[in-house]
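Colleague: Dropping in my_file20.txt, which is compact mmCIF, C-alpha atoms and all ligand atoms:
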# COMPACT_ATOMS: atom_id res chain seq x y z
CA MET J 12 -14.91 4.97 19.32
CA SER J 13 -12.36 4.01 16.66
CA PHE J 14 -8.92 2.55 17.36
CA ARG J 15 -5.32 3.22 18.34
CA VAL J 16 -2.15 1.57 17.08
CA LEU J 17 -0.37 -0.78 19.48
CA GLY J 18 2.34 -2.18 17.25
CA THR J 19 3.78 -2.32 13.75
CA GLY J 20 5.60 -4.90 11.66
CA SER J 21 6.86 -5.36 8.13
CA TYR J 22 8.58 -7.91 5.97
CA ALA J 23 10.35 -7.87 2.62
CA PRO J 24 11.59 -11.06 0.94
CA PRO J 25 15.39 -11.49 0.95
CA ASN J 26 15.88 -11.43 -2.84
CA VAL J 27 17.04 -7.87 -3.61
CA VAL J 28 16.82 -6.85 -7.28
CA THR J 29 18.72 -3.75 -8.37
CA ASN J 30 17.99 -1.51 -11.35
CA ASP J 31 21.09 -2.94 -13.04
CA ASP J 32 19.65 -6.44 -12.59
CA LEU J 33 16.48 -5.36 -14.46
CA SER J 34 18.57 -3.67 -17.15
CA GLN J 35 19.94 -7.12 -18.01
CA PHE J 36 16.66 -8.03 -19.74
CA LEU J 37 14.73 -4.73 -20.06
CA ASP J 38 15.55 -1.66 -22.14
CA THR J 39 16.06 0.56 -19.10
CA SER J 40 18.85 1.89 -16.89
CA ASP J 41 19.70 2.59 -13.28
CA GLU J 42 19.95 6.30 -14.17
CA TRP J 43 16.44 6.45 -15.73
CA ILE J 44 14.79 4.58 -12.88
CA GLN J 45 16.48 6.62 -10.16
CA GLN J 46 15.73 9.93 -11.89
CA ARG J 47 12.14 9.24 -13.01
CA VAL J 48 10.91 7.07 -10.15
CA GLY J 49 13.41 7.30 -7.27
CA ILE J 50 13.95 3.55 -6.87
CA LYS J 51 17.39 2.01 -6.34
CA GLU J 52 16.31 -1.53 -5.54
CA ARG J 53 13.28 -3.61 -4.65
CA HIS J 54 12.62 -7.07 -3.20
CA PHE J 55 11.09 -9.76 -5.41
CA SER J 56 9.83 -12.95 -3.81
CA VAL J 57 11.19 -16.22 -5.11
CA ASN J 58 8.90 -18.61 -3.27
CA GLU J 59 7.08 -16.66 -0.54
CA THR J 60 3.41 -15.94 -1.15
CA ALA J 61 1.55 -12.77 -0.19
CA ALA J 62 0.18 -14.80 2.73
CA ASP J 63 3.66 -15.90 3.86
CA MET J 64 4.93 -12.32 3.83
CA ALA J 65 1.80 -11.05 5.56
CA ALA J 66 2.14 -13.61 8.34
CA LYS J 67 5.76 -12.54 8.95
CA ALA J 68 4.82 -8.85 9.05
CA ALA J 69 1.87 -9.64 11.34
CA GLN J 70 4.06 -11.72 13.66
CA ALA J 71 6.49 -8.81 13.92
CA ALA J 72 3.60 -6.41 14.67
CA ILE J 73 2.19 -8.73 17.33
CA GLU J 74 5.61 -8.93 19.01
CA ASN J 75 6.01 -5.17 18.77
CA SER J 76 2.59 -4.62 20.36
CA GLY J 77 3.07 -7.11 23.20
CA VAL J 78 -0.51 -8.29 22.61
CA ASP J 79 -1.58 -11.86 23.35
CA PRO J 80 -2.55 -13.25 19.89
CA GLU J 81 -5.59 -14.91 21.50
CA GLU J 82 -7.08 -11.43 21.92
CA ILE J 83 -7.04 -10.75 18.17
CA ASP J 84 -10.65 -11.01 17.00
CA LEU J 85 -10.27 -9.82 13.42
CA ILE J 86 -7.80 -9.81 10.51
CA ILE J 87 -8.45 -7.38 7.68
CA LEU J 88 -6.02 -7.87 4.86
CA ALA J 89 -5.48 -5.78 1.74
CA THR J 90 -4.01 -7.41 -1.36
CA ILE J 91 -4.42 -7.85 -5.10
CA THR J 92 -1.75 -10.54 -5.43
CA GLY J 93 -2.88 -13.60 -3.48
CA GLU J 94 -2.24 -17.06 -4.88
CA THR J 95 -5.91 -18.10 -4.90
CA GLN J 96 -9.32 -16.52 -5.33
CA VAL J 97 -10.55 -18.93 -2.68
CA PRO J 98 -9.50 -19.20 0.06
CA SER J 99 -8.68 -15.55 0.52
CA THR J 100 -5.14 -14.57 1.51
CA ALA J 101 -6.65 -13.33 4.78
CA CYS J 102 -7.80 -16.88 5.56
CA MET J 103 -4.34 -18.26 4.81
CA VAL J 104 -2.75 -15.70 7.12
CA GLN J 105 -5.18 -16.67 9.88
CA LYS J 106 -4.03 -20.27 9.43
CA LEU J 107 -0.32 -19.37 9.36
CA LEU J 108 -0.70 -17.35 12.57
CA GLY J 109 -2.64 -20.17 14.23
CA LEU J 110 -5.57 -17.85 15.02
CA LYS J 111 -9.27 -18.68 15.12
CA CYS J 112 -10.62 -15.18 14.46
CA MET J 113 -12.62 -13.74 11.60
CA ALA J 114 -10.56 -12.84 8.53
CA LEU J 115 -11.56 -10.91 5.44
CA GLU J 116 -9.94 -9.28 2.47
CA ILE J 117 -10.14 -5.90 0.76
CA ASN J 118 -9.28 -5.14 -2.84
CA ALA J 119 -8.77 -1.45 -3.50
CA ALA J 120 -5.33 -1.79 -5.16
CA CYS J 121 -2.75 0.70 -3.92
CA SER J 122 -5.25 2.62 -1.75
CA ALA J 123 -6.46 -0.53 0.00
CA PHE J 124 -4.66 -0.06 3.30
CA ASP J 125 -6.67 3.11 3.94
CA PHE J 126 -9.89 1.28 2.97
CA ALA J 127 -8.89 -1.46 5.44
CA LEU J 128 -8.38 1.09 8.23
CA GLU J 129 -11.81 2.56 7.55
CA THR J 130 -13.39 -0.89 7.63
CA VAL J 131 -11.72 -1.91 10.88
CA ALA J 132 -12.79 1.39 12.44
CA GLY J 133 -16.39 0.28 11.87
CA TYR J 134 -15.83 -2.95 13.81
CA PHE J 135 -14.34 -1.01 16.74
CA ALA J 136 -17.17 1.54 16.61
CA ARG J 137 -19.66 -1.32 17.02
CA GLY J 138 -17.65 -2.81 19.89
CA LYS J 139 -17.28 -6.06 17.98
CA VAL J 140 -13.53 -6.64 18.47
CA ARG J 141 -10.93 -6.33 21.24
CA LYS J 142 -7.79 -6.30 19.07
CA ALA J 143 -7.43 -6.39 15.29
CA LEU J 144 -4.69 -6.96 12.75
CA VAL J 145 -4.70 -4.82 9.61
CA ILE J 146 -2.30 -5.98 6.92
CA GLY J 147 -1.23 -4.86 3.46
CA THR J 148 0.67 -7.52 1.51
CA GLU J 149 1.68 -7.76 -2.12
CA ARG J 150 3.62 -10.18 -4.26
CA MET J 151 3.50 -7.73 -7.18
CA SER J 152 6.11 -9.76 -9.09
CA ARG J 153 3.39 -12.41 -9.50
CA ILE J 154 1.32 -10.16 -11.79
CA LEU J 155 3.97 -7.94 -13.39
CA ASP J 156 4.68 -8.12 -17.11
CA PHE J 157 8.45 -8.41 -17.11
CA THR J 158 8.56 -7.41 -20.78
CA ASP J 159 6.95 -4.01 -19.99
CA ARG J 160 9.51 -1.51 -18.71
CA GLY J 161 6.76 0.97 -17.82
CA THR J 162 5.50 -1.24 -14.99
CA ALA J 163 8.17 -3.87 -14.23
CA VAL J 164 10.67 -1.34 -12.87
CA ILE J 165 8.39 0.46 -10.42
CA PHE J 166 6.89 -2.27 -8.24
CA GLY J 167 8.24 -4.45 -5.43
CA ASP J 168 7.08 -7.14 -3.00
CA GLY J 169 6.52 -6.87 0.74
CA ALA J 170 4.05 -6.68 3.60
CA GLY J 171 3.24 -4.37 6.50
CA ALA J 172 0.92 -4.82 9.48
CA LEU J 173 -0.57 -2.92 12.41
CA VAL J 174 -2.04 -4.28 15.64
CA LEU J 175 -4.94 -2.13 16.83
CA GLU J 176 -7.15 -1.84 19.88
CA ALA J 177 -10.18 0.31 20.61
CA GLY J 178 -9.31 3.99 21.02
CA GLU J 179 -9.93 7.46 19.67
CA ASN J 180 -6.93 7.91 17.38
CA TYR J 181 -8.50 7.38 13.94
CA ILE J 182 -9.70 10.91 13.49
CA ASP J 183 -10.99 11.33 9.95
CA SER J 184 -10.75 9.96 6.43
CA VAL J 185 -11.72 10.69 2.85
CA PHE J 186 -12.34 8.24 0.00
CA TYR J 187 -12.83 8.62 -3.74
CA VAL J 188 -13.65 5.99 -6.36
CA GLU J 189 -13.95 6.50 -10.11
CA GLY J 190 -14.53 3.17 -11.85
CA ASN J 191 -12.02 2.92 -14.70
CA ASP J 192 -10.31 -0.19 -16.08
CA GLU J 193 -8.34 1.63 -18.77
CA VAL J 194 -5.76 3.51 -16.69
CA ILE J 195 -4.65 0.70 -14.34
CA GLY J 196 -5.71 -2.91 -14.27
CA CYS J 197 -4.91 -6.59 -14.26
CA GLY J 198 -7.14 -9.34 -15.64
CA LEU J 199 -7.83 -12.81 -14.27
CA PRO J 200 -7.31 -16.08 -16.14
CA VAL J 201 -10.42 -17.43 -17.85
CA GLY J 202 -11.55 -21.02 -17.23
CA ASN J 203 -12.84 -23.42 -19.85
CA SER J 204 -16.49 -22.39 -20.14
CA PRO J 205 -17.78 -23.24 -23.61
CA TYR J 206 -20.19 -20.27 -23.19
CA TYR J 207 -17.59 -17.56 -22.41
CA GLU J 208 -17.18 -15.29 -25.40
CA ARG J 209 -13.42 -14.91 -25.92
CA GLY J 210 -11.70 -11.74 -27.01
CA GLN J 211 -12.91 -9.26 -24.38
CA GLU J 212 -10.91 -10.62 -21.45
CA LYS J 213 -7.94 -8.69 -20.01
CA LYS J 214 -4.57 -10.40 -19.73
CA PRO J 215 -3.75 -11.55 -16.19
CA LEU J 216 -0.82 -9.13 -16.03
CA ALA J 217 -0.62 -5.60 -14.65
CA TYR J 218 -1.03 -2.74 -17.12
CA MET J 219 -0.91 0.98 -16.46
CA ASP J 220 -1.07 4.30 -18.30
CA GLY J 221 1.78 5.83 -16.31
CA GLN J 222 1.22 9.48 -17.16
CA ALA J 223 -2.56 9.39 -16.54
CA THR J 224 -1.92 7.68 -13.20
CA PHE J 225 0.76 10.20 -12.30
CA LYS J 226 -1.62 13.15 -12.84
CA PHE J 227 -4.44 11.42 -10.96
CA ALA J 228 -2.05 10.70 -8.08
CA VAL J 229 -0.73 14.24 -7.61
CA THR J 230 -4.22 15.75 -7.84
CA ALA J 231 -5.61 13.17 -5.40
CA ILE J 232 -2.91 13.65 -2.75
CA VAL J 233 -3.31 17.43 -2.78
CA LYS J 234 -7.12 17.36 -2.75
CA ASP J 235 -7.48 14.62 -0.14
CA CYS J 236 -4.90 16.06 2.27
CA ASN J 237 -6.38 19.56 1.97
CA THR J 238 -9.89 18.23 2.58
CA LEU J 239 -8.82 16.63 5.86
CA MET J 240 -6.87 19.70 6.93
CA GLU J 241 -9.80 22.04 6.30
CA ARG J 242 -12.40 19.73 7.79
CA ASN J 243 -10.43 19.33 11.02
CA GLY J 244 -9.27 22.95 11.36
CA LEU J 245 -5.59 21.96 11.03
CA THR J 246 -2.58 23.35 9.19
CA TYR J 247 0.37 21.34 7.91
CA ASP J 248 2.39 22.62 10.89
CA ASP J 249 0.14 20.43 13.04
CA ILE J 250 1.11 17.31 11.07
CA ALA J 251 4.22 15.38 12.16
CA TYR J 252 4.50 13.30 8.97
CA ILE J 253 2.66 12.71 5.73
CA VAL J 254 3.09 9.00 5.00
CA PRO J 255 2.03 8.57 1.37
CA HIS J 256 1.63 5.50 -0.79
CA GLN J 257 5.09 5.05 -2.32
CA ALA J 258 4.43 4.96 -6.08
CA ASN J 259 7.00 7.35 -7.48
CA LYS J 260 9.27 9.79 -5.63
CA ARG J 261 8.45 12.47 -8.22
CA ILE J 262 4.72 12.15 -7.39
CA ILE J 263 5.57 12.79 -3.74
CA ASP J 264 7.89 15.71 -4.63
CA PHE J 265 5.20 17.33 -6.83
CA ALA J 266 2.54 16.96 -4.13
CA SER J 267 4.93 18.25 -1.48
CA LYS J 268 5.63 21.38 -3.57
CA LYS J 269 1.95 22.00 -4.30
CA LEU J 270 1.07 21.70 -0.61
CA LYS J 271 4.07 23.86 0.30
CA VAL J 272 5.12 21.59 3.13
CA PRO J 273 8.77 21.57 4.25
CA ASP J 274 11.16 18.84 3.04
CA GLY J 275 11.07 15.80 5.29
CA LYS J 276 7.37 16.03 6.14
CA PHE J 277 6.55 13.54 3.37
CA THR J 278 8.26 10.27 4.28
CA ILE J 279 9.98 8.21 1.60
CA ASN J 280 11.29 4.65 1.44
CA ILE J 281 10.55 3.84 -2.21
CA ASP J 282 14.30 3.91 -2.94
CA LYS J 283 14.82 0.59 -1.18
CA CYS J 284 11.55 -1.29 -1.70
CA GLY J 285 9.82 0.09 -4.81
CA ASN J 286 6.05 0.47 -5.02
CA THR J 287 4.56 -2.31 -2.91
CA SER J 288 0.94 -1.24 -3.55
CA SER J 289 -1.27 -1.82 -0.50
CA ALA J 290 1.78 -2.73 1.62
CA SER J 291 3.61 0.55 1.14
CA ILE J 292 1.92 2.64 3.86
CA PRO J 293 2.17 0.05 6.68
CA MET J 294 5.77 -0.77 5.68
CA MET J 295 6.63 2.93 5.87
CA LEU J 296 4.84 3.27 9.23
CA ASP J 297 6.88 0.36 10.57
CA ASP J 298 10.13 1.96 9.35
CA LEU J 299 9.22 5.20 11.15
CA ASN J 300 8.09 3.42 14.30
CA ARG J 301 11.20 1.26 14.58
CA ALA J 302 13.43 4.26 13.90
CA GLY J 303 11.81 5.90 16.96
CA LYS J 304 10.49 8.79 14.86
CA LEU J 305 6.84 8.57 15.96
CA LYS J 306 5.87 10.18 19.27
CA GLU J 307 2.62 9.64 21.10
CA GLY J 308 0.13 12.27 19.93
CA ASP J 309 1.83 12.87 16.56
CA LEU J 310 -0.69 13.54 13.79
CA LEU J 311 -0.14 11.60 10.56
CA LEU J 312 -1.75 11.89 7.14
CA LEU J 313 -1.82 8.72 5.02
CA PRO J 314 -2.65 9.62 1.39
CA ALA J 315 -3.03 6.76 -1.10
CA PHE J 316 -4.11 6.38 -4.73
CA GLY J 317 -4.12 3.86 -7.55
CA GLY J 318 -6.18 1.28 -9.39
CA GLY J 319 -9.93 1.61 -9.26
CA LEU J 320 -9.31 4.37 -9.87
CA ALA J 321 -9.36 5.14 -6.19
CA SER J 322 -7.81 7.52 -3.73
CA ALA J 323 -8.01 7.85 0.03
CA CYS J 324 -6.45 9.67 2.95
CA CYS J 325 -6.62 8.93 6.67
CA LEU J 326 -5.83 11.27 9.55
CA LEU J 327 -4.38 9.30 12.44
CA ARG J 328 -3.05 10.22 15.86
CA TRP J 329 -0.09 8.10 16.98
O1 LIG C 401 0.84 2.63 -7.36
C1 LIG C 401 -0.19 2.61 -8.27
C2 LIG C 401 -0.25 3.83 -9.04
N1 LIG C 401 0.89 3.94 -9.92
C3 LIG C 401 1.51 5.10 -10.03
O2 LIG C 401 1.19 6.04 -9.34
C4 LIG C 401 2.56 5.25 -11.10
C5 LIG C 401 2.41 6.60 -11.79
N2 LIG C 401 3.25 6.77 -12.97
C6 LIG C 401 4.60 6.83 -12.91
O3 LIG C 401 5.18 6.68 -11.86
C7 LIG C 401 5.34 7.18 -14.16
O4 LIG C 401 4.43 7.60 -15.16
C8 LIG C 401 6.20 6.01 -14.74
C9 LIG C 401 7.38 5.72 -13.81
C10 LIG C 401 5.37 4.76 -14.90
C11 LIG C 401 6.76 6.42 -16.11
O5 LIG C 401 7.52 7.63 -15.96
P1 LIG C 401 7.23 8.88 -16.89
O6 LIG C 401 8.18 9.90 -16.49
O7 LIG C 401 5.77 9.21 -16.79
O8 LIG C 401 7.59 8.31 -18.29
P2 LIG C 401 6.72 8.35 -19.63
O9 LIG C 401 5.71 7.27 -19.60
O10 LIG C 401 6.29 9.77 -19.91
O11 LIG C 401 7.82 8.01 -20.70
C12 LIG C 401 8.91 8.91 -20.98
C13 LIG C 401 9.92 8.15 -21.82
C14 LIG C 401 9.30 7.37 -22.97
O12 LIG C 401 10.23 7.39 -24.05
P3 LIG C 401 10.02 8.39 -25.28
O13 LIG C 401 8.69 8.04 -25.85
O14 LIG C 401 10.05 9.77 -24.68
O15 LIG C 401 11.18 8.07 -26.15
C15 LIG C 401 9.21 5.98 -22.43
O16 LIG C 401 9.20 5.01 -23.45
O17 LIG C 401 10.58 7.18 -20.99
C16 LIG C 401 10.47 5.90 -21.60
N3 LIG C 401 10.43 4.90 -20.55
C17 LIG C 401 11.52 4.32 -20.06
N4 LIG C 401 12.82 4.47 -20.34
C18 LIG C 401 13.69 3.74 -19.65
C19 LIG C 401 9.33 4.41 -19.90
N5 LIG C 401 9.72 3.51 -18.97
C20 LIG C 401 11.06 3.44 -19.05
C21 LIG C 401 12.04 2.70 -18.38
N6 LIG C 401 13.34 2.88 -18.70
N7 LIG C 401 11.73 1.81 -17.41
What do you get writing this file as structure tokens?
Modeller:
Amino acid sequence: MSFRVLGTGSYAPPNVVTNDDLSQFLDTSDEWIQQRVGIKERHFSVNETAADMAAKAAQAAIENSGVDPEEIDLIILATITGETQVPSTACMVQKLLGLKCMALEINAACSAFDFALETVAGYFARGKVRKALVIGTERMSRILDFTDRGTAVIFGDGAGALVLEAGENYIDSVFYVEGNDEVIGCGLPVGNSPYYERGQEKKPLAYMDGQATFKFAVTAIVKDCNTLMERNGLTYDDIAYIVPHQANKRIIDFASKKLKVPDGKFTINIDKCGNTSSASIPMMLDDLNRAGKLKEGDLLLLPAFGGGLASACCLLRW
């Protein structure tokens, strides 16, 4: 027993920031960003927290599913950009939704939505929950260094959510973790301990070695997707869509070429929302669902990669 998807929702804050807007204070250009990353614009929150956005995406998913919120027994939320260490963003979303259920959080950076799906599958397998909400939400603008053109131009804010019930549609998954704080990271502020030796702490702003991440990402997508194909006796003709983490359109194009899948099989929405980290896969799923592109029985691959370093891929039947 695993789960099946009953509904999807997403939310992006209303403040749209174009590449030209960023070029006002960064040494960059619309041409460079579109060519090298594939982004035209992204949404940056002015005053909405990761919890606020998550609650809106979750509300939309609940409405889309037609489920009575009282039946939701679990919220699993992926984020790295909450406002507080305690309470978790998951707890704040539970409060905003007026629910009484268990709520917990997962930090696996941009791959976290897949880690959240795997975790929720365990709850369904044990028969512990009737319905569950799985959410990816990121206020990336909260941790971006807006003086660093290598990171500031690629990320965006938003949230995506799925409502799930017990079923057999989560077919297989693969996960990889390689502890490494040099390629991608973000520190936390240090308190005022007189015993804490200063000088080793990381700045509480996102940093990334773009090229190293790019190579890791392409290799991970190809390896993880192929593993699931081989293990389940499938070919890419059997897959309706590959819904990847939206980090850079060129990463997706490279992976698509290496896997020799036809154009259109990899779905893309990075042009209008940037890289929203753990929110990107559920936001993309909601786009596809609301556009009527997903048919019952469709097989989907959800490859993800990022900080950790970590990568993951889930094989899901719609
Ligand atoms: O989601 C989590 C995981 N994250 C990712 O998967 C991101 C992976 N990495 C990337 O998407 C790309 O590496 C970036 C978009 C971050 C950078 O693109 P790139 O094509 O790898 O650029 P680069 O770092 O090789 O830099 C090429 C040139 C450099 O100039 P020089 O040294 O050749 O003169 C950079 O300084 O482009 C320059 N550059 C920029 N120019 C204009 C870097 N960022 C910018 C910018 N605007 N924003």
Colleague: Can you work out which one of J:Leu107, J:Ala177, J:Ile262, J:Val254 has the shortest atom-to-atom distance to ligand LIG 401 (chain C), counting only C-alpha atoms and all ligand atoms?
Modeller: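 So, comparing all the options, the nearest one is J:Ile262.
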Colleague: Compare J:Val194, J:Leu88, J:Leu313, J:Met64 by their minimum atom-to-atom distance to ligand LIG 401 (chain C), counting only C-alpha atoms and all ligand atoms, and give me the closest one.
Modeller: J:Val194
Colleague: What does the list of residues within 7 Å of ligand LIG 401 (chain C) look like if you count all atoms listed in the file, written as an mmCIF file with C-alpha atoms, keeping the file's coordinate frame?
Modeller:
data_model
loop_
_atom_site.group_PDB
_atom_site.id
_atom_site.type_symbol
_atom_site.label_atom_id
_atom_site.label_comp_id
_atom_site.auth_asym_id
_atom_site.auth_seq_id
_atom_site.Cartn_x
_atom_site.Cartn_y
_atom_site.Cartn_z
ATOM 1 C CA ASP J 38 15.550 -1.660 -22.140
ATOM 2 C CA THR J 39 16.060 0.560 -19.100
ATOM 3 C CA SER J 40 18.850 1.890 -16.890
ATOM 4 C CA TRP J 43 16.440 6.450 -15.730
ATOM 5 C CA ILE J 44 14.790 4.580 -12.880
ATOM 6 C CA ARG J 47 12.140 9.240 -13.010
ATOM 7 C CA VAL J 48 10.910 7.070 -10.150
ATOM 8 C CA CYS J 121 -2.750 0.700 -3.920
ATOM 9 C CA ARG J 160 9.510 -1.510 -18.710
ATOM 10 C CA GLY J 161 6.760 0.970 -17.820
ATOM 11 C CA THR J 162 5.500 -1.240 -14.990
ATOM 12 C CA VAL J 164 10.670 -1.340 -12.870
ATOM 13 C CA ILE J 165 8.390 0.460 -10.420
ATOM 14 C CA GLY J 221 1.780 5.830 -16.310
ATOM 15 C CA GLN J 222 1.220 9.480 -17.160
ATOM 16 C CA THR J 224 -1.920 7.680 -13.200
ATOM 17 C CA PHE J 225 0.760 10.200 -12.300
ATOM 18 C CA ALA J 228 -2.050 10.700 -8.080
ATOM 19 C CA ALA J 258 4.430 4.960 -6.080
ATOM 20 C CA ASN J 259 7.000 7.350 -7.480
ATOM 21 C CA ASN J 286 6.050 0.470 -5.020
ATOM 22 C CA SER J 288 0.940 -1.240 -3.550
ATOM 23 C CA PHE J 316 -4.110 6.380 -4.730
ATOM 24 C CA GLY J 317 -4.120 3.860 -7.550
ATOM 25 C CA GLY J 318 -6.180 1.280 -9.390
#
Colleague: By how many Å are atom CA of J:Ala101 and atom CA of J:Pro255 apart?
Modeller: 23.8 Å
Colleague: What lies within 10 Å of J:Lys214 using only C-alpha atoms, ignoring chain neighbours under 4 positions off, as a short mmCIF file (atom, residue, chain, number, x, y, z; two decimals) with C-alpha atoms, keeping the file's coordinate frame?
Modeller:
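Result file out-v5.cif:
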data_model
loop_
_atom_site.label_atom_id
_atom_site.label_comp_id
_atom_site.auth_asym_id
_atom_site.auth_seq_id
_atom_site.Cartn_x
_atom_site.Cartn_y
_atom_site.Cartn_z
CA ILE J 154 1.32 -10.16 -11.79
CA ASP J 156 4.68 -8.12 -17.11
CA GLY J 196 -5.71 -2.91 -14.27
CA CYS J 197 -4.91 -6.59 -14.26
CA GLY J 198 -7.14 -9.34 -15.64
CA LEU J 199 -7.83 -12.81 -14.27
CA PRO J 200 -7.31 -16.08 -16.14
CA VAL J 201 -10.42 -17.43 -17.85
CA TYR J 218 -1.03 -2.74 -17.12
#
Colleague: Calculate how many Å separate atom CA of J:Cys102 from atom CA of J:Ala114, rounding to one decimal.
Modeller: 5.7 Å
Colleague: Can you list, as an NGL selection string, every protein, DNA or RNA residue that comes within 12 Å of J:Met295 when you count all atoms listed in the file, leaving out same-chain residues fewer than 2 positions away?
Modeller: :J and (19-23 or 124 or 147 or 169-173 or 252-257 or 277-293 or 297-302 or 304-305 or 311 or 313)
Colleague: Using all atoms listed in the file, can you tell me which of J:Gly49, J:Gly190, J:Gly319, J:Pro314 comes closest to J:Lys260?
Modeller: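 Looking only at the distances to J:Lys260, the closest residue turns out to be J:Gly49.
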Colleague: Which residue gives the smallest distance to J:Val131 among J:Tyr247, J:Leu320, J:Asp235, J:Gly178, with only C-alpha atoms counted?
Modeller: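 Comparing J:Tyr247, J:Leu320, J:Asp235, J:Gly178 against J:Val131, the winner is J:Gly178.
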Colleague: Measuring atom to atom with all atoms listed in the file, identify which of J:Leu85, J:Ile250, J:Asn58, J:Leu312 is nearest to J:Pro273.
Modeller: J:Ile250
Colleague: Which residue, J:Tyr206, J:Phe227, J:Tyr134, J:Phe126, has the smallest gap to J:Asp84 when you use only C-alpha atoms?
Modeller: J:Tyr134
Colleague: Provide the atom CA of J:Ala315 to atom CA of J:Phe14 distance in Å, to one decimal place.
Modeller: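 Interatomic distance, atom CA of J:Ala315 to atom CA of J:Phe14: 19.8 Å.
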